[in-house]
Every structure is written in C-alpha cells, then in structure tokens.
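Structure file run38.tsv; described as TSV, C-alpha atoms.
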chain	number	residue	atom	x	y	z
H	346	MET	CA	-3.42	-14.45	-10.05
H	347	LYS	CA	-1.64	-14.87	-13.42
H	348	ASN	CA	-4.09	-12.48	-14.98
H	349	LEU	CA	-3.57	-9.71	-12.45
H	350	ILE	CA	-0.80	-7.73	-10.81
H	351	ILE	CA	-1.79	-5.57	-7.83
H	352	ALA	CA	0.16	-2.86	-6.06
H	353	VAL	CA	-1.29	-0.72	-3.29
H	354	SER	CA	-0.44	2.58	-1.65
H	355	LEU	CA	-2.05	4.79	0.98
H	356	LEU	CA	-1.99	8.53	0.32
H	357	ILE	CA	-2.90	10.57	3.38
H	358	SER	CA	-4.00	14.21	3.51
H	359	LEU	CA	-4.43	14.52	-0.25
H	360	PRO	CA	-0.89	15.11	-1.54
H	361	LEU	CA	-0.50	16.89	-4.87
H	362	PHE	CA	0.99	14.95	-7.74
H	363	SER	CA	3.69	16.47	-9.93
H	364	GLN	CA	2.76	17.02	-13.53
H	365	THR	CA	4.08	14.63	-16.18
H	366	LYS	CA	7.38	15.75	-17.67
H	367	VAL	CA	8.42	15.21	-21.27
H	368	VAL	CA	11.83	15.13	-22.95
H	369	LYS	CA	12.67	16.15	-26.51
H	370	ARG	CA	14.82	13.70	-28.49
H	371	ASN	CA	16.40	14.70	-31.80
H	372	ALA	CA	17.33	12.21	-34.50
H	373	LEU	CA	20.93	13.15	-35.26
H	374	LYS	CA	23.86	11.65	-37.06
H	375	SER	CA	25.47	10.92	-33.72
H	376	ASN	CA	22.68	8.46	-32.88
H	377	ASN	CA	22.27	7.17	-36.44
H	378	PHE	CA	19.08	9.20	-36.77
H	379	GLY	CA	17.37	6.84	-34.35
H	380	ILE	CA	15.11	7.47	-31.35
H	381	THR	CA	14.33	4.74	-28.81
H	382	TYR	CA	10.86	4.63	-27.26
H	383	SER	CA	8.54	2.21	-25.50
H	384	LEU	CA	4.89	1.48	-25.98
H	385	PRO	CA	2.78	1.41	-22.81
H	386	LYS	CA	0.82	-1.38	-21.28
H	387	THR	CA	-2.27	-0.49	-19.31
H	388	SER	CA	-2.29	-0.19	-15.56
H	389	LEU	CA	-5.60	0.67	-13.94
H	390	ILE	CA	-5.52	2.76	-10.77
H	391	VAL	CA	-8.47	2.25	-8.45
H	392	ASN	CA	-8.68	5.32	-6.21
H	393	ALA	CA	-10.75	4.97	-3.03
H	394	GLU	CA	-11.58	8.10	-1.04
H	395	VAL	CA	-12.07	7.39	2.66
H	396	LYS	CA	-13.15	9.72	5.45
H	397	LYS	CA	-12.02	9.08	9.00
H	398	TYR	CA	-14.19	10.39	11.83
H	399	THR	CA	-12.54	10.86	15.23
H	400	CYS	CA	-15.21	11.54	17.84
H	401	LYS	CA	-14.39	12.87	21.29
H	402	ALA	CA	-17.08	13.40	23.92
H	403	GLY	CA	-17.14	16.68	25.83
H	404	PRO	CA	-16.74	16.59	29.63
H	405	TYR	CA	-20.19	18.18	30.09
H	406	TYR	CA	-22.13	16.11	27.54
H	407	LYS	CA	-24.63	15.00	30.22
H	408	TYR	CA	-25.71	18.64	30.67
H	409	ALA	CA	-25.93	19.62	26.97
H	410	GLU	CA	-29.72	19.38	26.77
H	411	LYS	CA	-30.30	20.95	30.19
H	412	TYR	CA	-28.23	24.10	29.62
H	413	LEU	CA	-28.05	24.46	25.82
H	414	GLY	CA	-31.09	22.53	24.63
H	415	VAL	CA	-28.88	20.40	22.36
H	416	LYS	CA	-29.59	16.70	21.79
H	417	ASP	CA	-27.29	15.82	18.87
H	418	ILE	CA	-24.04	15.32	20.79
H	419	VAL	CA	-21.07	12.96	21.06
H	420	THR	CA	-21.47	10.76	24.12
H	421	GLU	CA	-18.40	8.51	23.76
H	422	ASP	CA	-14.93	8.56	22.23
H	423	LYS	CA	-14.76	6.52	19.04
H	424	VAL	CA	-13.25	6.33	15.56
H	425	TYR	CA	-15.04	5.14	12.44
H	426	TYR	CA	-14.60	5.30	8.66
H	427	GLU	CA	-16.76	5.95	5.62
H	428	LEU	CA	-16.00	4.90	2.06
H	429	LEU	CA	-16.91	8.01	0.06
H	430	LYS	CA	-16.07	7.38	-3.57
H	431	VAL	CA	-14.30	4.89	-5.82
H	432	SER	CA	-12.83	6.01	-9.15
H	433	LEU	CA	-10.86	4.30	-11.90
H	434	PHE	CA	-8.05	5.86	-13.94
H	435	ASN	CA	-6.04	4.58	-16.88
H	436	LYS	CA	-2.26	4.97	-16.66
H	437	GLY	CA	0.26	3.73	-19.18
H	438	ILE	CA	3.51	2.19	-17.97
H	439	PRO	CA	6.43	1.18	-20.22
H	440	ASP	CA	6.16	-2.33	-21.63
H	441	SER	CA	9.65	-3.85	-21.69
H	442	ASP	CA	8.51	-6.23	-24.42
H	443	GLN	CA	7.45	-3.33	-26.68
H	444	THR	CA	10.58	-1.16	-27.02
H	445	TYR	CA	11.52	0.13	-30.47
H	446	ILE	CA	14.08	2.26	-32.27
H	447	VAL	CA	12.61	4.51	-34.93
H	448	GLU	CA	15.20	5.38	-37.56
H	449	PHE	CA	14.81	8.44	-39.77
H	450	LYS	CA	16.67	8.94	-43.02
H	451	SER	CA	19.32	11.62	-42.99
H	452	GLY	CA	17.31	13.63	-45.53
H	453	THR	CA	14.32	14.00	-43.21
H	454	VAL	CA	13.74	17.61	-42.13
H	455	ALA	CA	14.87	18.04	-38.49
H	456	PRO	CA	13.20	14.88	-37.16
H	457	TYR	CA	12.51	14.81	-33.43
H	458	ALA	CA	10.16	13.24	-30.92
H	459	TYR	CA	8.79	14.03	-27.48
H	460	LEU	CA	8.87	11.26	-24.90
H	461	THR	CA	7.80	11.04	-21.28
H	462	GLU	CA	10.56	10.56	-18.72
H	463	GLU	CA	9.71	6.84	-18.81
H	464	GLY	CA	10.26	6.75	-22.58
H	465	LEU	CA	6.62	6.66	-23.77
H	466	LEU	CA	5.99	8.29	-27.13
H	467	CYS	CA	4.06	11.59	-27.10
H	468	SER	CA	4.66	13.14	-30.52
H	469	ILE	CA	6.85	13.07	-33.64
H	470	ASN	CA	7.88	16.28	-35.44
H	471	ALA	CA	5.44	18.20	-33.22
H	472	GLU	CA	5.77	20.28	-30.07
H	473	TYR	CA	4.09	18.57	-27.13
H	474	THR	CA	2.79	20.11	-23.92
H	475	PRO	CA	1.95	17.51	-21.26
H	476	GLN	CA	-1.50	17.57	-19.73
H	477	GLU	CA	-2.36	16.67	-16.14
H	478	SER	CA	-3.89	13.24	-15.84
H	479	GLU	CA	-7.45	12.74	-14.65
H	480	LEU	CA	-6.08	11.30	-11.40
H	481	GLU	CA	-3.84	14.33	-10.80
H	482	ILE	CA	-6.71	16.73	-11.46
H	483	ALA	CA	-9.10	14.80	-9.20
H	484	LYS	CA	-6.70	14.84	-6.24
H	485	LYS	CA	-5.80	18.50	-6.64
H	486	ASN	CA	-9.49	19.45	-6.62
H	487	LYS	CA	-10.24	17.70	-3.35
H	488	LYS	CA	-10.65	19.95	-0.34
H	489	GLN	CA	-8.33	19.75	2.63
H	490	PRO	CA	-9.96	18.71	5.94
H	491	VAL	CA	-11.00	21.58	8.19
H	492	LYS	CA	-9.13	21.78	11.49
H	493	VAL	CA	-11.04	22.26	14.72
H	494	ALA	CA	-10.29	25.52	16.49
H	495	ASP	CA	-8.25	25.01	19.64
H	496	ALA	CA	-9.12	28.02	21.78
H	497	SER	CA	-8.33	28.13	25.49
H	498	VAL	CA	-11.70	28.21	27.29
H	499	TYR	CA	-10.94	27.15	30.83
H	500	SER	CA	-11.27	30.50	32.61
H	501	GLU	CA	-10.41	30.97	36.29
H	502	GLU	CA	-14.11	31.02	37.14
H	503	LEU	CA	-14.64	27.72	35.34
H	504	LEU	CA	-11.65	26.02	36.98
H	505	MET	CA	-12.74	27.18	40.45
H	506	ALA	CA	-16.28	25.89	40.01
H	507	GLY	CA	-15.55	22.57	41.77
H	508	SER	CA	-17.96	19.84	40.65
H	509	VAL	CA	-18.55	18.89	37.03
H	510	ALA	CA	-22.18	19.99	37.34
H	511	LYS	CA	-21.14	23.42	38.58
H	512	GLN	CA	-18.48	23.72	35.84
H	513	ALA	CA	-21.13	22.95	33.23
H	514	GLU	CA	-23.37	25.68	34.65
H	515	VAL	CA	-20.53	28.23	34.57
H	516	ALA	CA	-19.56	27.23	31.01
H	517	ALA	CA	-23.16	27.64	29.85
H	518	LYS	CA	-23.33	31.14	31.40
H	519	GLN	CA	-20.12	32.08	29.58
H	520	ILE	CA	-21.64	30.92	26.28
H	521	TYR	CA	-24.72	33.12	26.81
H	522	ARG	CA	-22.53	36.11	27.77
H	523	ILE	CA	-20.52	35.68	24.57
H	524	ARG	CA	-23.69	35.51	22.49
H	525	GLU	CA	-24.99	38.66	24.17
H	526	SER	CA	-21.71	40.50	23.56
H	527	ARG	CA	-21.71	39.51	19.89
H	528	LEU	CA	-25.31	40.64	19.46
H	529	ASN	CA	-24.56	44.00	21.13
H	530	ILE	CA	-21.63	44.61	18.78
H	531	LEU	CA	-23.68	43.72	15.71
H	532	THR	CA	-26.57	45.97	16.76
H	533	GLY	CA	-24.30	48.82	17.92
H	534	ASP	CA	-25.42	48.60	21.55
H	535	ALA	CA	-21.99	47.75	22.99
H	536	ASP	CA	-20.28	50.34	25.18
H	537	ASN	CA	-16.95	50.02	23.35
H	538	LEU	CA	-17.49	49.28	19.67
H	539	PRO	CA	-14.55	48.28	17.42
H	540	PRO	CA	-13.11	51.33	15.59
H	541	ASP	CA	-13.62	50.00	12.05
H	542	GLY	CA	-15.02	47.16	9.99
H	543	GLU	CA	-11.86	45.03	10.02
H	544	ALA	CA	-11.54	45.31	13.79
H	545	MET	CA	-15.22	44.37	14.19
H	546	LYS	CA	-14.73	41.36	11.94
H	547	LEU	CA	-11.76	40.21	14.04
H	548	VAL	CA	-13.62	40.65	17.34
H	549	ILE	CA	-16.67	38.76	16.05
H	550	GLN	CA	-14.41	35.95	14.82
H	551	GLN	CA	-12.72	35.66	18.22
H	552	LEU	CA	-16.07	35.59	20.02
H	553	GLU	CA	-17.35	32.87	17.69
H	554	GLU	CA	-14.22	30.77	18.28
H	555	GLN	CA	-14.64	31.12	22.07
H	556	GLU	CA	-18.31	30.17	21.84
H	557	LYS	CA	-17.51	27.18	19.64
H	558	ALA	CA	-14.80	25.95	21.98
H	559	LEU	CA	-17.09	26.25	25.01
H	560	THR	CA	-19.97	24.58	23.18
H	561	ASN	CA	-17.66	21.67	22.28
H	562	LEU	CA	-17.34	20.98	26.02
H	563	PHE	CA	-21.02	19.98	25.87
H	564	THR	CA	-21.49	18.63	22.34
H	565	GLY	CA	-18.07	17.06	21.85
H	566	ILE	CA	-16.09	17.26	18.63
H	567	VAL	CA	-15.85	15.23	15.43
H	568	VAL	CA	-12.62	15.64	13.48
H	569	GLU	CA	-12.84	14.58	9.83
H	570	GLU	CA	-9.80	13.52	7.82
H	571	VAL	CA	-9.90	12.44	4.17
H	572	SER	CA	-7.39	9.95	2.81
H	573	ASP	CA	-6.81	8.33	-0.57
H	574	TYR	CA	-6.02	4.68	-1.11
H	575	ASP	CA	-4.70	3.60	-4.52
H	576	VAL	CA	-4.65	0.10	-5.95
H	577	THR	CA	-2.75	-0.41	-9.19
H	578	ILE	CA	-3.96	-3.28	-11.37
H	579	ILE	CA	-2.22	-4.62	-14.48
H	580	PRO	CA	-4.74	-6.94	-16.14
H	581	ASN	CA	-3.68	-9.59	-18.62
H	582	ASP	CA	-7.08	-11.22	-19.05
H	583	ASP	CA	-10.67	-11.03	-17.82
H	584	LEU	CA	-11.15	-10.83	-14.06
H	585	ASP	CA	-14.09	-12.18	-12.06
H	586	LYS	CA	-14.73	-11.01	-8.48
H	587	GLU	CA	-11.08	-10.21	-7.84
H	588	VAL	CA	-10.67	-8.86	-4.29
H	589	ILE	CA	-8.63	-5.66	-4.61
H	590	PHE	CA	-8.97	-4.53	-0.98
H	591	ARG	CA	-11.36	-4.73	1.96
H	592	PHE	CA	-13.20	-2.05	3.89
H	593	SER	CA	-14.19	-1.86	7.53
H	594	SER	CA	-16.12	0.93	9.24
H	595	LEU	CA	-13.88	0.38	12.29
H	596	LEU	CA	-10.51	-0.06	10.55
H	597	GLY	CA	-10.90	1.73	7.23
H	598	ILE	CA	-9.29	0.13	4.18
H	599	VAL	CA	-7.34	-3.04	4.86
H	600	ASP	CA	-5.44	-5.50	2.68
H	601	ALA	CA	-7.26	-7.90	0.41
H	602	ASP	CA	-6.35	-10.88	2.62
H	603	ASP	CA	-7.43	-9.19	5.89
H	604	LEU	CA	-10.71	-10.79	6.89
H	605	GLY	CA	-11.45	-7.87	9.23
H	606	GLY	CA	-13.03	-5.99	6.32
H	607	THR	CA	-15.74	-6.48	3.71
H	608	PRO	CA	-14.28	-7.45	0.31
H	609	VAL	CA	-14.33	-4.97	-2.57
H	610	TYR	CA	-14.53	-6.85	-5.87
H	611	LEU	CA	-13.36	-5.89	-9.35
H	612	ASN	CA	-14.88	-7.47	-12.44
H	613	LEU	CA	-13.25	-6.86	-15.82
H	614	LYS	CA	-14.51	-8.30	-19.12
H	615	ALA	CA	-13.02	-7.62	-22.55
H	616	THR	CA	-15.47	-6.17	-25.08
H	617	GLU	CA	-12.96	-5.57	-27.90
H	618	ARG	CA	-10.00	-7.90	-28.21
H	619	ALA	CA	-7.54	-8.41	-31.05
H	620	PRO	CA	-7.66	-11.93	-32.55
H	621	VAL	CA	-4.98	-14.32	-31.36
H	622	LEU	CA	-2.46	-15.07	-34.12
H	623	ASP	CA	-0.75	-18.42	-34.54
H	624	GLU	CA	3.06	-18.56	-34.63
H	625	LYS	CA	3.33	-18.20	-38.42
H	626	GLU	CA	0.90	-15.28	-38.57
H	627	ALA	CA	2.63	-13.55	-35.66
H	628	ALA	CA	6.06	-13.99	-37.26
H	629	ARG	CA	4.78	-12.72	-40.62
H	630	LYS	CA	3.26	-9.65	-39.00
H	631	ALA	CA	6.39	-8.92	-36.94
H	632	LYS	CA	8.51	-9.06	-40.07
H	633	SER	CA	6.26	-6.61	-41.90
H	634	MET	CA	6.13	-4.11	-39.03
H	635	LYS	CA	8.26	-1.09	-39.97
H	636	GLY	CA	8.37	2.59	-39.22
H	637	ILE	CA	6.62	4.00	-36.15
H	638	ILE	CA	4.98	1.19	-34.18
H	639	TYR	CA	1.89	2.20	-32.21
H	640	ASN	CA	-0.88	0.53	-30.22
H	641	LEU	CA	-4.43	-0.26	-31.18
H	642	PRO	CA	-5.88	-0.86	-27.69
H	643	GLY	CA	-8.70	-3.21	-26.89
H	644	LYS	CA	-11.58	-2.33	-24.59
H	645	ALA	CA	-13.12	-3.78	-21.45
H	646	ASN	CA	-16.03	-3.15	-19.11
H	647	VAL	CA	-15.10	-2.68	-15.46
H	648	GLU	CA	-17.33	-2.90	-12.41
H	649	ILE	CA	-16.28	-2.49	-8.77
H	650	THR	CA	-18.70	-3.69	-6.09
H	651	MET	CA	-19.04	-4.13	-2.32
H	652	ASN	CA	-21.94	-5.86	-0.59
H	653	LYS	CA	-23.61	-6.24	-4.01
H	654	ARG	CA	-23.57	-2.44	-4.39
H	655	THR	CA	-21.88	-0.94	-7.45
H	656	LEU	CA	-19.15	1.53	-6.49
H	657	TYR	CA	-17.88	2.12	-10.04
H	658	LYS	CA	-18.91	1.07	-13.54
H	659	GLY	CA	-17.39	2.09	-16.86
H	660	GLU	CA	-15.45	1.20	-20.00
H	661	VAL	CA	-11.66	1.41	-20.28
H	662	GLN	CA	-9.06	0.90	-22.98
H	663	ILE	CA	-6.67	-2.01	-22.35
H	664	THR	CA	-3.55	-2.16	-24.53
H	665	GLN	CA	-2.95	-5.78	-23.46
H	666	PHE	CA	-6.16	-6.73	-25.27
H	667	GLY	CA	-5.15	-4.94	-28.48
H	668	THR	CA	-2.43	-5.15	-31.10
H	669	GLN	CA	0.30	-3.07	-32.76
H	670	GLU	CA	0.49	-1.46	-36.18
H	671	GLY	CA	3.11	0.65	-37.95
H	672	LEU	CA	3.30	4.00	-39.74
H	673	ALA	CA	5.31	3.71	-42.96
H	674	PRO	CA	8.74	5.42	-42.77
H	675	VAL	CA	8.07	7.14	-46.10
H	676	MET	CA	5.52	9.37	-44.34
H	677	PHE	CA	8.37	11.27	-42.69
H	678	GLU	CA	10.57	11.80	-45.77
H	679	ASP	CA	8.68	14.69	-47.36
H	680	LYS	CA	10.92	17.76	-46.84
H	681	LYS	CA	8.25	20.19	-48.04
H	682	SER	CA	5.50	18.94	-45.76
H	683	PRO	CA	6.83	16.92	-42.80
H	684	VAL	CA	4.19	14.82	-41.07
H	685	LYS	CA	3.33	15.59	-37.45
H	686	VAL	CA	1.95	12.80	-35.28
H	687	TYR	CA	0.47	13.04	-31.78
H	688	PHE	CA	0.00	10.01	-29.54
H	689	TYR	CA	-1.85	9.20	-26.33
H	690	PRO	CA	1.05	8.33	-23.99
H	691	GLU	CA	-1.38	6.47	-21.71
H	692	THR	CA	-2.27	3.95	-24.43
H	693	GLY	CA	0.26	4.40	-27.23
H	694	ALA	CA	-2.55	5.01	-29.72
H	695	ILE	CA	-2.49	7.72	-32.40
H	696	LYS	CA	-4.31	10.87	-31.37
H	697	GLN	CA	-3.83	12.99	-34.51
H	698	ILE	CA	-1.86	13.07	-37.76
H	699	ILE	CA	-1.19	16.44	-39.38
H	700	GLN	CA	0.35	16.84	-42.84

As structure tokens - that is how I would like this structure written.
Amino acid sequence: MKNLIIAVSLLISLPLFSQTKVVKRNALKSNNFGITYSLPKTSLIVNAEVKKYTCKAGPYYKYAEKYLGVKDIVTEDKVYYELLKVSLFNKGIPDSDQTYIVEFKSGTVAPYAYLTEEGLLCSINAEYTPQESELEIAKKNKKQPVKVADASVYSEELLMAGSVAKQAEVAAKQIYRIRESRLNILTGDADNLPPDGEAMKLVIQQLEEQEKALTNLFTGIVVEEVSDYDVTIIPNDDLDKEVIFRFSSLLGIVDADDLGGTPVYLNLKATERAPVLDEKEAARKAKSMKGIIYNLPGKANVEITMNKRTLYKGEVQITQFGTQEGLAPVMFEDKKSPVKVYFYPETGAIKQIIQ
C-alpha cells in the first residue's frame, strides 16, 4: 500500500459541483515582490455510476395477464443494483513538498499571478478564467431519476369490491373506462370537451396519470435511482490488480475489504518516467533551479477491470512520475513586452507562453 493512497466517497442523487475559483496575487513591495504557490501532485478520481432498482409488486399482479394481457410484470418486492459506467479523471492537489516563492524584480511591469484557492499556479501576467473540470461537466450532464407518479386510485367502488379478485376486475374496468374517455376527447366525441388546447392537455395528462397508477396495481413499479461513487487514488508507483472497491448486484458498491462484492481492480503502469537522479545530481539540479518552477509530468496507462471485463482503459499524466524545470527570471523583466504564461493547474505543466 506504500504506492497508493485511496479515499472514497458516495455521492447520491447527482449533486452539482461548484466551479473552481481562482485568486489574483500581485507582486508588491509589501511582499518583497514575491508570490507563493504550490505545484500539484496527481490524484486520480475513479467515478463509478450505479443504478439502484427498487421493485415493488402490485397487489393484483396475479391478474395482470387475465385482465390486461400483460406478462412483463413485477411479481416480488426486491432491490438490485447495476454498475453502469466507470470513468477516470485527473485532479491536481497541492504537493506540500513542492511549494515555491517566485520573486519578481521591482522593475518588472505590474507582475501578478492567478492561483486556485488551494494555491496551484494558473497563470503569470495573464488574466485567467477557470474552466469546469471534466468530472464537474460529466456530473452536471447526468439526468436526474424520474419519480413515479403517486396518484390516488382507490375509488369507493374499488374499496367496496371485497375480494382481491373482484378488486382486480373493478380496477381493470376503470382502466378501460379511462382509455375510452381519453380516446373520445382526442377524437372529439366526448360530450364535454375541454374549452381550449391547454385545458385538453391538462385533462389528458391527468387521465394518463390515473391509468398509469391503476396499471401499476397489476404490473408493479420499478423505481430507478442513480448514484455516484468516487474513489480518489494518489499513485506513487506502478499498481497491479489493486482492489479499489467491490460491487454486488444485491448491495451495490461496497468497500474494498468487503467480501460481499466482486473486486474491481485498477492496473497502472508508467509509460513515461523521469530518470532517477543520484544524490549529487539531484542536489546540483536543485541548486540550478531558479525562476518559475513547473512540472513536466510523466505518463501511465490505466485499466480498470471486474470479472476480467474492462470497465475503463486510457492514458493519464502523472506528475509523480515526472520532474520539475524552471523558467528563467529574466523572461519577466522586459518592460516593453512582458511574458504571459498559462499553466495546467491539474498538472502544473506549461500550457502556453505568449510574448
């Protein structure tokens, strides 16, 4: 477990994430023309989308085929789960071992930087507008579960019917009367038609809700609810068949050490990794590092599997597998043409340099 840190969270009913906020920091005399920032280390967020099915049998399910000709019905109360989709997102978090103070000379033209609220570098000498992350966009685009209509359908005639068999017969007759009424309104054969289009639309909607509620007494109902389950992984080396969580069709997603579910494995293998420096080389490089320090991330292939089936496969950037370099301070001393630099706050890499 030295090569992996895992944190988990369950997000129910698809909450919306707030957009990343940024803060402008000016290099002023009061702070010795210095701005403190942190470089990120990579955390990978595995997002699992799970659908919960709550099935409830109708009281007249035994008579569904006889009176309605319906065979596809719920015959018993039960709850089960389905693993819909697994996604992977890259998120940078501040690395306490990679915190720097960038010092500008007093002659630099109005030096400033944009940082995230966590202190990650976004831009230098350039206005920065934060963008929603892929994870935020994905969760906002997911549809909310549809609620089942809860119309009151137990009429006096139905309640007075006595036996369950007789109640089922009465309920079926009510369904056919509703269908006939709706058809008469749509064809204009009803004695009292709605006065306008909006009124007709409302009446038709009410009839459909009543029919649906009565039909549910025969077919039963299935309520679907979508939830998100996030696992945050901070890799420090390659990973082989690391259990990140388990899944059960009866329990949904459970913890990695809960044997009630089938294990979901994560494999991570570095494809681009900075060479390891010995102590002298590392000290020499650290001494030469000046100016704006930024990341050169490494890369890794990631695969997530369950029951030998691939749930996700892709390539990600891993800052822990990379190295750091520096932009020379002299780049920011040209008063006539100040350099603008944009960074990827997720990785700490340079996105664009404009001069």

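In terms of minimum interatomic distance to Val609 of chain H, H:Ile649 ranks closest within H:Ile649, H:Ile530, H:Ile523, H:Leu562, counting all atoms listed in the file.
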
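Residues with any atom within 12 Å of Ile549 of chain H, counting only C-alpha atoms and excluding same-chain neighbours fewer than 6 positions away, are H:Ile523, H:Arg524, H:Glu525, H:Ser526, H:Arg527, H:Leu528, H:Asn529, H:Ile530, H:Leu531, H:Leu538, H:Pro539, H:Gly542, H:Glu543, H:Gln555, H:Glu556.
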
Which of H:Leu641, H:Val588, H:Met651, H:Ile438 sits closest to Phe688 of chain H [using all atoms listed in the file]: H:Leu641

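If you look at atom CA of Asn561 of chain H and atom CA of Ala516 of chain H, they are 10.5 Å away from each other.
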
Please list as a list in words every residue within 10 Å of Val661 of chain H, counting all atoms listed in the file and excluding residues in the same chain fewer than 3 positions away. Thr387, Leu389, Leu433, Phe434, Asn435, Leu613, Ala615, Thr616, Pro642, Gly643, Lys644, Ala645, Asn646, Val647, Lys658 and Thr664 of chain H

Report as a list in words all protein, DNA and RNA residues lying within 6 Å of segment 403-420 of chain H, evaluated on all atoms listed in the file, omitting residues in the same chain fewer than 2 positions from it. Ala513, Leu562, Phe563, Thr564 and Gly565 of chain H

Considering all atoms listed in the file, state which residue in the set H:Val391, H:Leu384, H:Met676, H:Leu429 is at the smallest distance from Asp442 of chain H. H:Leu384

Counting all atoms listed in the file, what is within 10 Å of Gly693 of chain H, bar same-chain residues fewer than 2 positions away, as a PyMOL selection string? chain H and resi 383-387+437+439+465-467+638-642+664+669+687-691+695-696

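Reported to one decimal place, the separation of atom CA of Lys557 of chain H from atom CA of Met545 of chain H is 18.2 Å.
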
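Going from atom CA of Glu394 of chain H over to atom CA of Pro580 of chain H, you cover 22.4 Å.
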
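Restricting the calculation to only C-alpha atoms, the smallest distance between Leu622 of chain H and any of H:Ile699, H:Tyr610, H:Leu604, H:Gly667 is found for H:Gly667.
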
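The smallest atom-to-atom distance between Glu648 of chain H and any of H:Lys681, H:Arg618, H:Lys586, H:Lys518, using all atoms listed in the file, is found for H:Lys586.
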
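Nearest residue to Pro608 of chain H, choosing from H:Thr577, H:Glu626, H:Ile469, H:Asn652 and counting all atoms listed in the file: H:Asn652.
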